[in-house]
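Asks: So here's coords38.txt, just compact mmCIF, C-alpha atoms:
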```txt
# COMPACT_ATOMS: atom_id res chain seq x y z
CA MET N 625 102.31 154.55 144.87
CA ARG N 626 101.75 151.70 142.49
CA PHE N 627 101.49 151.51 138.73
CA PHE N 628 98.04 150.38 137.77
CA GLY N 629 96.35 150.75 134.41
CA LYS N 630 94.28 153.77 135.34
CA SER N 631 96.16 155.46 138.15
CA LYS N 632 99.43 155.50 136.10
CA THR N 633 101.61 155.89 139.17
CA PHE N 634 104.71 153.91 140.22
CA SER N 635 105.92 152.37 143.44
CA CYS N 636 109.67 152.86 144.08
CA SER N 637 110.45 149.14 143.62
CA HIS N 638 108.53 149.07 140.36
CA ALA N 639 110.14 152.31 139.20
CA ARG N 640 113.63 150.90 139.85
CA ARG N 641 112.88 147.92 137.64
CA GLU N 642 111.92 150.29 134.82
CA LEU N 643 114.83 152.75 135.16
CA SER N 644 117.05 150.94 132.65
CA ALA N 645 114.34 150.89 129.96
CA TYR N 646 113.52 154.52 130.83
CA MET N 647 117.16 155.50 130.17
CA ASP N 648 117.03 153.81 126.78
CA ARG N 649 113.61 155.32 126.01
CA ARG N 650 112.07 151.88 125.61
CA LEU N 651 108.92 152.58 127.61
CA SER N 652 105.59 153.54 126.11
CA SER N 653 104.97 157.29 126.24
CA GLU N 654 102.34 156.74 128.90
CA ARG N 655 104.64 154.75 131.20
CA GLU N 656 107.53 157.09 130.52
CA ALA N 657 105.49 160.09 131.57
CA ALA N 658 104.29 158.32 134.73
CA LEU N 659 107.85 157.26 135.65
CA LYS N 660 109.19 160.72 134.94
CA GLU N 661 106.61 162.14 137.31
CA HIS N 662 107.57 159.63 140.00
CA ILE N 663 111.30 160.36 139.60
CA SER N 664 110.72 164.09 139.88
CA THR N 665 109.23 163.56 143.34
CA CYS N 666 111.39 160.68 144.63
CA LEU N 667 114.98 161.44 145.68
CA GLU N 668 115.94 157.77 146.07
CA CYS N 669 114.85 156.96 142.52
CA GLN N 670 116.66 160.05 141.24
CA LYS N 671 119.82 158.80 142.89
CA ASP N 672 119.31 155.29 141.54
CA LEU N 673 118.83 156.65 138.03
CA ALA N 674 121.95 158.83 138.29
CA ALA N 675 124.01 155.83 139.53
CA LEU N 676 122.72 153.70 136.68
CA GLU N 677 123.58 156.44 134.18
CA ALA N 678 127.07 156.73 135.66
CA THR N 679 127.52 152.96 135.33
CA VAL N 680 126.46 153.03 131.68
CA ALA N 681 128.75 156.03 131.05
CA LEU N 682 131.68 154.02 132.48
CA LEU N 683 130.81 151.12 130.17
CA HIS N 684 130.69 153.49 127.20
CA ARG N 685 134.18 154.73 128.06
CA LEU N 686 135.80 151.29 128.14
CA PRO N 687 138.61 151.15 125.55
CA GLN N 688 138.26 148.95 122.49
CA ALA N 689 140.62 145.99 122.62
CA THR N 690 142.62 145.12 119.52
CA PRO N 691 143.05 141.46 118.46
CA LEU N 692 146.49 140.03 119.22
CA ARG N 693 146.86 139.11 115.54
CA SER N 694 144.74 139.20 112.42
CA ILE N 695 142.22 136.39 112.01
CA ALA N 696 142.29 136.56 108.18
CA MET N 697 142.46 133.08 106.70
CA PRO N 698 144.92 131.60 104.21
CA ALA N 699 143.46 130.44 100.93
CA PRO N 700 145.24 127.26 99.86
CA GLY N 701 142.10 125.25 99.08
CA PRO N 702 140.37 127.44 96.50
CA ILE N 703 143.64 128.39 94.75
CA ARG N 704 144.55 124.72 94.39
CA ALA N 705 141.10 123.96 93.07
CA ARG N 706 141.31 126.84 90.59
CA ARG N 707 144.69 125.58 89.38
CA ALA N 708 143.22 122.11 88.91
CA VAL N 709 140.34 123.60 86.89
CA VAL N 710 142.81 125.43 84.63
CA SER N 711 144.97 122.31 84.15
CA PHE N 712 142.04 120.02 83.34
CA GLY N 713 140.51 122.71 81.13
CA MET N 714 143.75 123.04 79.15
CA ALA N 715 144.01 119.26 78.77
CA THR N 716 140.40 119.10 77.55
CA ALA N 717 141.08 121.90 75.06
CA VAL N 718 144.18 120.15 73.69
CA VAL N 719 142.40 116.80 73.28
CA SER N 720 139.40 118.54 71.66
CA LEU N 721 141.72 120.28 69.20
CA LEU N 722 143.36 116.95 68.30
CA LEU N 723 139.90 115.46 67.78
CA VAL N 724 138.91 118.29 65.43
CA LEU N 725 142.16 117.87 63.50
CA ALA N 726 141.61 114.11 63.25
CA PHE N 727 138.06 114.58 61.94
CA THR N 728 139.16 117.24 59.46
CA ALA N 729 141.95 115.01 58.16
CA ASP N 730 139.53 112.10 57.94
CA VAL N 731 136.95 114.12 55.99
CA THR N 732 139.63 115.34 53.55
CA ASN N 733 140.88 111.74 53.06
CA PHE N 734 144.26 112.61 54.53
CA PHE N 735 144.61 109.22 56.17
CA GLN N 736 143.75 107.19 53.04
CA THR N 737 146.41 104.92 51.58
CA THR N 738 146.55 103.90 47.93
CA HIS N 739 147.12 100.28 46.76
CA TYR N 740 147.67 99.01 43.24
CA VAL N 741 146.18 95.60 42.59
CA GLN N 742 147.91 93.60 39.87
CA GLU N 743 145.67 91.20 37.99
CA ASP N 744 147.10 88.13 36.29
CA THR N 745 144.67 87.29 33.58
CA ASP N 746 146.37 83.93 32.73
CA ASN N 747 146.10 82.12 36.13
CA GLY N 748 143.68 84.47 37.90
CA ILE N 749 146.01 85.13 40.88
CA ALA N 750 145.89 88.69 42.14
CA GLY N 751 148.68 90.39 44.14
CA SER N 752 149.43 93.86 45.35
CA SER N 753 152.54 95.99 45.51
CA GLN N 754 153.47 99.56 46.30
CA LEU N 755 153.33 102.48 43.93
CA GLY N 756 156.43 102.93 41.84
CA SER N 757 156.99 99.30 40.89
CA SER N 758 157.01 98.47 37.24
CA TYR N 759 154.40 96.05 35.98
CA THR N 760 153.90 94.51 32.71
CA GLU N 761 150.45 93.22 33.56
CA GLU N 762 147.32 95.38 34.05
CA THR N 763 147.09 97.15 37.46
CA THR N 764 144.07 98.63 39.31
CA ARG N 765 144.34 101.61 41.79
CA VAL N 766 142.48 100.92 45.12
CA SER N 767 142.18 103.51 47.98
CA ALA N 768 141.55 102.38 51.60
CA GLU N 769 141.42 104.10 54.99
CA SER N 770 144.17 103.18 57.43
CA GLU N 771 143.12 100.77 60.16
CA TRP N 772 144.24 103.05 63.05
CA VAL N 773 142.08 106.06 62.13
CA ARG N 774 138.81 104.89 63.69
CA PRO N 775 140.38 103.79 67.05
CA LEU N 776 142.23 107.13 67.16
CA GLU N 777 139.03 109.10 66.66
CA PHE N 778 137.05 107.07 69.18
CA GLY N 779 139.91 107.33 71.65
CA LEU N 780 140.00 111.11 71.29
CA ILE N 781 136.21 111.34 71.68
CA GLY N 782 136.41 109.26 74.88
CA ALA N 783 139.31 111.33 76.25
CA THR N 784 137.43 114.59 75.51
CA ILE N 785 134.30 113.37 77.31
CA VAL N 786 136.23 112.11 80.36
CA LEU N 787 138.42 115.22 80.65
CA GLY N 788 135.44 117.54 80.11
CA GLY N 789 133.52 115.74 82.86
CA VAL N 790 136.42 115.89 85.28
CA THR N 791 136.93 119.60 84.51
CA TYR N 792 133.25 120.29 85.21
CA LEU N 793 133.36 118.39 88.51
CA VAL N 794 136.54 120.15 89.66
CA TRP N 795 135.03 123.50 88.68
CA ARG N 796 131.87 122.77 90.66
CA ARG N 797 133.93 121.73 93.65
CA SER N 798 136.08 124.87 93.46
CA ARG N 799 132.94 127.06 93.67
CA ARG N 800 131.68 125.36 96.83
CA PRO N 801 132.96 126.83 100.15
CA ALA N 802 133.26 123.41 101.71
CA ALA N 803 136.85 123.35 102.81
CA VAL N 804 137.49 124.77 106.25
CA PRO N 805 140.73 126.72 106.22
CA THR N 806 143.35 125.56 108.65
CA ARG N 807 144.35 127.73 111.57
CA ARG N 808 147.21 130.09 110.94
CA MET U 394 132.00 146.10 98.32
CA ASP U 395 129.17 146.09 100.83
CA ASP U 396 128.28 143.19 103.12
CA PRO U 397 125.69 141.39 100.89
CA ASP U 398 128.19 141.38 97.97
CA LEU U 399 130.89 139.97 100.22
CA VAL U 400 128.53 137.27 101.48
CA ARG U 401 127.67 136.35 97.88
CA GLY U 402 131.41 136.12 97.11
CA CYS U 403 131.90 133.90 100.18
CA LYS U 404 129.10 131.60 99.00
CA ASP U 405 130.97 131.25 95.70
CA GLY U 406 134.00 130.10 97.69
CA ASP U 407 135.99 133.32 97.45
CA ILE U 408 138.09 133.42 100.61
CA GLU U 409 139.23 136.96 99.82
CA CYS U 410 135.65 138.17 100.27
CA PHE U 411 135.52 136.35 103.58
CA ASN U 412 138.80 137.93 104.65
CA ASP U 413 137.31 141.34 103.85
CA LEU U 414 134.45 140.53 106.23
CA VAL U 415 136.99 139.36 108.82
CA GLU U 416 138.93 142.62 108.53
CA ARG U 417 135.69 144.56 108.87
CA TYR U 418 134.32 142.78 111.95
CA GLN U 419 137.19 141.03 113.73
CA ARG U 420 137.72 143.92 116.15
CA MET U 421 134.08 144.01 117.13
CA ALA U 422 133.96 140.22 117.54
CA TYR U 423 137.20 140.23 119.51
CA ASN U 424 135.89 142.95 121.83
CA LEU U 425 132.72 141.02 122.47
CA ALA U 426 134.74 137.87 123.20
CA PHE U 427 137.19 139.79 125.38
CA ARG U 428 134.42 141.38 127.48
CA MET U 429 132.62 138.03 127.76
CA LEU U 430 135.68 135.96 128.66
CA GLY U 431 137.88 138.60 130.32
CA GLU U 432 141.10 137.21 128.92
CA ARG U 433 142.94 138.14 125.76
CA SER U 434 144.21 134.80 124.48
CA ALA U 435 140.87 133.11 125.21
CA ALA U 436 139.16 135.97 123.36
CA GLN U 437 141.55 135.53 120.43
CA ASP U 438 140.80 131.78 120.27
CA ALA U 439 137.06 132.34 120.59
CA THR U 440 137.09 134.97 117.83
CA GLN U 441 139.07 132.70 115.56
CA ASP U 442 136.69 129.79 116.26
CA ALA U 443 133.74 132.10 115.62
CA PHE U 444 135.06 133.09 112.19
CA PHE U 445 135.82 129.45 111.28
CA SER U 446 132.28 128.64 112.24
CA ALA U 447 131.01 131.61 110.21
CA TRP U 448 132.90 130.32 107.15
CA ARG U 449 131.30 126.92 107.55
CA LYS U 450 127.83 128.41 108.01
CA ILE U 451 128.10 131.11 105.34
CA GLY U 452 125.56 129.27 103.18
CA GLY U 453 122.88 130.07 105.77
CA CYS U 454 123.70 133.78 105.98
CA GLN U 455 121.02 135.99 104.43
CA GLY U 456 123.46 138.90 104.00
CA THR U 457 120.98 141.46 105.36
CA ASN U 458 122.58 142.02 108.79
CA VAL U 459 126.00 140.41 108.66
CA ARG U 460 127.18 142.29 111.75
CA ALA U 461 124.42 140.82 113.93
CA TRP U 462 124.88 137.37 112.34
CA LEU U 463 128.62 137.37 113.13
CA MET U 464 128.05 138.64 116.67
CA SER U 465 125.50 135.89 117.20
CA ILE U 466 128.08 133.27 116.20
CA THR U 467 130.71 134.94 118.39
CA ALA U 468 128.29 134.99 121.35
CA ASN U 469 127.55 131.28 120.89
CA THR U 470 131.27 130.49 120.69
CA CYS U 471 131.86 132.45 123.90
CA ARG U 472 129.03 130.56 125.59
CA ASP U 473 130.64 127.26 124.58
CA HIS U 474 133.98 128.49 125.89
CA LEU U 475 132.44 129.52 129.21
CA ARG U 476 130.79 126.11 129.50
CA LYS U 477 134.17 124.47 128.96
CA VAL U 478 135.76 126.69 131.61
CA LYS U 479 132.93 125.80 134.00
CA ARG U 480 133.46 122.07 133.36
CA ASN U 481 137.24 122.34 133.80
CA PRO U 482 137.68 125.11 136.35
CA SER U 483 141.46 124.98 136.40
CA ILE U 484 141.81 128.76 136.41
CA PRO U 485 139.20 131.01 138.05
CA LEU U 486 137.72 133.39 135.49
CA GLU U 487 138.20 136.51 137.59
CA SER U 488 141.93 135.95 137.95
CA LEU U 489 142.26 136.11 134.17
CA VAL U 490 140.94 139.64 133.85
CA GLN U 491 143.29 141.75 131.76
CA GLU U 492 142.56 145.22 130.50
CA PRO U 493 143.59 146.25 126.99
CA THR U 494 146.56 148.60 127.11
CA ALA U 495 145.78 151.96 125.61
CA SER U 496 148.41 154.63 125.08
CA PRO U 497 148.54 157.07 128.00
CA SER U 498 148.06 160.00 125.55
CA ALA U 499 147.81 163.39 127.29
CA GLU U 500 146.70 162.20 130.73
CA SER U 501 149.07 162.04 133.67
CA PRO U 502 150.60 158.69 134.73
CA GLU U 503 148.43 158.76 137.86
CA ASP U 504 145.24 159.28 135.86
CA TYR U 505 146.30 156.57 133.42
CA ALA U 506 146.94 154.11 136.28
CA LEU U 507 143.61 154.99 137.89
CA ARG U 508 141.74 154.61 134.63
CA ARG U 509 143.32 151.19 134.02
CA GLU U 510 142.43 150.12 137.52
CA LEU U 511 138.85 151.33 137.07
CA ASN U 512 138.53 149.56 133.72
CA GLY U 513 139.88 146.39 135.31
CA GLU U 514 137.27 146.66 138.08
CA ILE U 515 134.49 147.18 135.53
CA GLN U 516 135.68 144.10 133.68
CA LYS U 517 135.69 142.13 136.94
CA GLY U 518 132.19 143.44 137.64
CA LEU U 519 131.08 142.26 134.21
CA SER U 520 132.52 138.81 134.85
CA THR U 521 130.35 138.48 137.98
CA LEU U 522 127.15 138.84 135.93
CA PRO U 523 125.33 135.73 134.68
CA ALA U 524 126.41 135.03 131.08
CA GLN U 525 123.13 136.10 129.46
CA GLN U 526 122.95 139.37 131.37
CA ARG U 527 126.63 140.04 130.67
CA LEU U 528 126.12 139.45 126.96
CA ALA U 529 123.09 141.76 126.86
CA VAL U 530 124.92 144.55 128.72
CA ILE U 531 128.05 144.23 126.55
CA LEU U 532 126.04 144.30 123.33
CA CYS U 533 123.97 147.28 124.46
CA ASP U 534 126.36 149.49 126.43
CA ILE U 535 129.77 148.62 124.96
CA GLN U 536 129.00 147.55 121.40
CA GLY U 537 126.03 149.90 120.91
CA PHE U 538 123.55 147.41 119.42
CA SER U 539 119.84 148.22 119.44
CA TYR U 540 117.42 146.09 121.47
CA GLU U 541 116.10 144.59 118.21
CA GLU U 542 119.58 143.52 117.10
CA ILE U 543 120.36 142.14 120.56
CA ALA U 544 117.15 140.10 120.46
CA ARG U 545 118.25 138.71 117.10
CA ILE U 546 121.77 137.94 118.32
CA MET U 547 120.58 136.30 121.54
CA GLY U 548 117.63 134.55 119.91
CA CYS U 549 115.03 135.88 122.34
CA ASN U 550 112.30 138.50 122.41
CA ILE U 551 112.75 142.21 123.17
CA GLY U 552 111.06 141.92 126.58
CA THR U 553 113.69 139.38 127.64
CA VAL U 554 116.47 141.63 126.32
CA ARG U 555 115.08 144.58 128.28
CA SER U 556 114.90 142.54 131.43
CA ARG U 557 118.44 141.13 131.04
CA ILE U 558 119.91 144.56 130.39
CA SER U 559 118.08 146.03 133.35
CA ARG U 560 119.17 143.30 135.76
CA GLY U 561 122.72 143.31 134.40
CA ARG U 562 123.10 147.09 134.75
CA THR U 563 121.62 147.08 138.23
CA GLN U 564 123.94 144.32 139.40
CA LEU U 565 126.96 146.04 137.87
CA ARG U 566 125.93 149.34 139.49
CA ASP U 567 125.73 147.62 142.86
CA TYR U 568 129.13 146.00 142.30
CA LEU U 569 130.79 149.33 141.43
CA SER U 570 128.99 151.14 144.20
CA ALA U 571 130.12 148.59 146.78
CA ARG U 572 133.73 149.17 145.68
CA GLU U 573 133.29 152.94 145.86
CA LEU U 574 133.97 153.31 142.16
CA LEU U 575 130.98 155.51 141.45
CA PRO U 576 131.01 159.25 142.31
CA HIS U 577 130.55 159.69 146.08
CA ASP U 578 127.09 161.26 145.90
CA LEU U 579 125.81 158.42 143.70
CA ARG U 580 126.91 155.54 145.92
CA LEU U 581 124.05 153.47 147.17
CA LYS U 582 123.35 152.99 150.85
CA GLU U 583 124.67 149.81 152.43
```
So that I can check it, write out the structure of this file as structure tokens.
Replies:
Amino acid sequence: MRFFGKSKTFSCSHARRELSAYMDRRLSSEREAALKEHISTCLECQKDLAALEATVALLHRLPQATPLRSIAMPAPGPIRARRAVVSFGMATAVVSLLLVLAFTADVTNFFQTTHYVQEDTDNGIAGSSQLGSSYTEETTRVSAESEWVRPLEFGLIGATIVLGGVTYLVWRRSRRPAAVPTRR
Amino acid sequence: MDDPDLVRGCKDGDIECFNDLVERYQRMAYNLAFRMLGERSAAQDATQDAFFSAWRKIGGCQGTNVRAWLMSITANTCRDHLRKVKRNPSIPLESLVQEPTASPSAESPEDYALRRELNGEIQKGLSTLPAQQRLAVILCDIQGFSYEEIARIMGCNIGTVRSRISRGRTQLRDYLSARELLPHDLRLKE
């Protein structure tokens, strides 16, 4: 018997090739019915099917092996990266705070120094001295910002930008799973 | 957490999420490697390599079927390992066959010894199959994957999977039958 489109019958050699799929119910209903009919009349194919089923049953009964040791991976990379993010973040926060303080002090004229200019009306020579000195001539009070304030502010702005940038880069790097953990 | 959440965590670089996936699937991956390679330390190395590879490739994981994705990587790692063994055949594969030791439980020592011997023979029979047929049979009859998942793992169509499983089972049946390991009335004629 052969399996052709219309006759729907199987030869033994063809049936044997289909037994595995028949066991797993992977044949179309038409082919399954035709094969079932063939098996019911063919002792050799019945025996083949039973042997195949016994083989699969033995495979099902194989014990599950347990790994010799866990394959879980250590996590030095990400933890180090996270620590670096925290450190750079803290440094950025401290520098930013100093910058805010410097600006506040600048706005409230905290860094301004006061000079008293003494004017000599006879010869026209002007000189300056600190507060507290006694003068007989006429003195004028002059306020001026210290020379180091601007460089300090610009320095703090630069440090904030650099540290902020580095923090952002380290943070981005810490989120990327690029590092391959080393073998345990 | 379910698998897609763990995969998302892995993509954000969280190794703890990855270790959760490892704990969930390492036994399955190890079993696949053990049945493919037939030797415990080689299976351990292959499983470890497979998970390293999975960590590197996690960006490409969709998170929909992590189990099949990991088994696919493990299968590829085993294939590489077998290729290496073939290139440097210092130790014949069949001599490496070791069966996992299970506790004797309630069965008698004789039954336990017989069962171990039978399992060893089945493992030897598996190692005689061509690699692709062996992989298909292991995934289907030992790991319990569906044909669709096997096709995904092996990167082929379902017709090919069906054919590989069929040929693999038939060859294994003949191997066991020739060694009189099947019930007497089911042994095939010489």
Asks: Pick out the closest residue to Asp730 (chain N) from this set: N:Arg649, N:Arg693, N:Arg774, N:Arg706. Count all atoms listed in the file.
Replies: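 Closest to Asp730 (chain N), using all atoms listed in the file: N:Arg774.
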Asks: Within 10 Å of Glu416 (chain U), counting all atoms listed in the file, which residues qualify if same-chain residues fewer than 5 places away don't, as a list in words?
Replies: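 These residues fall inside the cut-off: Ser694, Ile695 and Ala696 of chain N; Cys410, Phe411 and Met421 of chain U.
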Asks: Hey, what's within 8 Å of Ile781 (chain N) if we count all atoms listed in the file and toss same-chain stuff fewer than 3 positions away? As a list in words, please?
Replies: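 That gives Ser720, Leu723, Glu777, Phe778, Thr784 and Ile785 of chain N.
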Asks: Any idea which chain U residues end up within 8 Å of chain N if we count only C-alpha atoms, as a PDB file with C-alpha atoms, in the coordinates of the input please?
Replies:
```
ATOM      1  CA  CYS U 403     131.900 133.900 100.180  1.00  0.00           C
ATOM      2  CA  LYS U 404     129.100 131.600  99.000  1.00  0.00           C
ATOM      3  CA  ASP U 405     130.970 131.250  95.700  1.00  0.00           C
ATOM      4  CA  GLY U 406     134.000 130.100  97.690  1.00  0.00           C
ATOM      5  CA  ASP U 407     135.990 133.320  97.450  1.00  0.00           C
ATOM      6  CA  ILE U 408     138.090 133.420 100.610  1.00  0.00           C
ATOM      7  CA  GLU U 409     139.230 136.960  99.820  1.00  0.00           C
ATOM      8  CA  ASN U 412     138.800 137.930 104.650  1.00  0.00           C
ATOM      9  CA  VAL U 415     136.990 139.360 108.820  1.00  0.00           C
ATOM     10  CA  GLU U 416     138.930 142.620 108.530  1.00  0.00           C
ATOM     11  CA  GLN U 419     137.190 141.030 113.730  1.00  0.00           C
ATOM     12  CA  ARG U 420     137.720 143.920 116.150  1.00  0.00           C
ATOM     13  CA  TYR U 423     137.200 140.230 119.510  1.00  0.00           C
ATOM     14  CA  ASN U 424     135.890 142.950 121.830  1.00  0.00           C
ATOM     15  CA  PHE U 427     137.190 139.790 125.380  1.00  0.00           C
ATOM     16  CA  ARG U 433     142.940 138.140 125.760  1.00  0.00           C
ATOM     17  CA  SER U 434     144.210 134.800 124.480  1.00  0.00           C
ATOM     18  CA  GLN U 437     141.550 135.530 120.430  1.00  0.00           C
ATOM     19  CA  THR U 440     137.090 134.970 117.830  1.00  0.00           C
ATOM     20  CA  GLN U 441     139.070 132.700 115.560  1.00  0.00           C
ATOM     21  CA  PHE U 444     135.060 133.090 112.190  1.00  0.00           C
ATOM     22  CA  PHE U 445     135.820 129.450 111.280  1.00  0.00           C
ATOM     23  CA  TRP U 448     132.900 130.320 107.150  1.00  0.00           C
ATOM     24  CA  ARG U 449     131.300 126.920 107.550  1.00  0.00           C
ATOM     25  CA  PRO U 493     143.590 146.250 126.990  1.00  0.00           C
ATOM     26  CA  THR U 494     146.560 148.600 127.110  1.00  0.00           C
ATOM     27  CA  ALA U 495     145.780 151.960 125.610  1.00  0.00           C
ATOM     28  CA  ASN U 512     138.530 149.560 133.720  1.00  0.00           C
ATOM     29  CA  ILE U 515     134.490 147.180 135.530  1.00  0.00           C
ATOM     30  CA  ASP U 534     126.360 149.490 126.430  1.00  0.00           C
ATOM     31  CA  ILE U 535     129.770 148.620 124.960  1.00  0.00           C
ATOM     32  CA  ARG U 555     115.080 144.580 128.280  1.00  0.00           C
ATOM     33  CA  ILE U 558     119.910 144.560 130.390  1.00  0.00           C
ATOM     34  CA  SER U 559     118.080 146.030 133.350  1.00  0.00           C
ATOM     35  CA  ARG U 562     123.100 147.090 134.750  1.00  0.00           C
ATOM     36  CA  THR U 563     121.620 147.080 138.230  1.00  0.00           C
ATOM     37  CA  LEU U 565     126.960 146.040 137.870  1.00  0.00           C
ATOM     38  CA  ARG U 566     125.930 149.340 139.490  1.00  0.00           C
ATOM     39  CA  LEU U 569     130.790 149.330 141.430  1.00  0.00           C
ATOM     40  CA  LEU U 575     130.980 155.510 141.450  1.00  0.00           C
ATOM     41  CA  LEU U 579     125.810 158.420 143.700  1.00  0.00           C
ATOM     42  CA  ARG U 580     126.910 155.540 145.920  1.00  0.00           C
ATOM     43  CA  LEU U 581     124.050 153.470 147.170  1.00  0.00           C
TER      44      LEU U 581
END
```
Asks: To one decimal in Å, tell me the separation between CA of Leu414 (chain U) and CA of Trp462 (chain U).
Replies: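 Interatomic distance, CA of Leu414 (chain U) to CA of Trp462 (chain U): 11.8 Å.
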Asks: Compile the contact shell of region 451-460 of chain U as number ranges by chain: residues with an atom at most 8 Å away, counting only C-alpha atoms, same-chain residues fewer than 5 positions apart removed.
Replies: U: 396-397, 400-401, 403-404, 418
Asks: Measure the distance from CA of Thr737 (chain N) to CA of Leu776 (chain N) in Å and round it to one decimal.
Replies: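 Straight-line distance from CA of Thr737 (chain N) to CA of Leu776 (chain N) works out to 16.3 Å.
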Asks: Please, what distance in Å, to one decimal, runs between CA of Thr553 (chain U) and CA of Glu514 (chain U)?
Replies: 26.8 Å
Asks: Can you tell me which residues surround region 710-712 of chain N at a distance of at most 12 Å, considering all atoms listed in the file, apart from same-chain residues fewer than 6 positions away, and format the answer as a PyMOL selection string?
Replies: chain N and resi 703-704+718-719+783-795+798
Asks: So which one's closest to Ile531 (chain U), U:Gly518, U:Pro502, U:Pro576, U:Gly513? Using all atoms listed in the file, please.
Replies: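 Smallest separation from Ile531 (chain U) among the options: U:Gly518.
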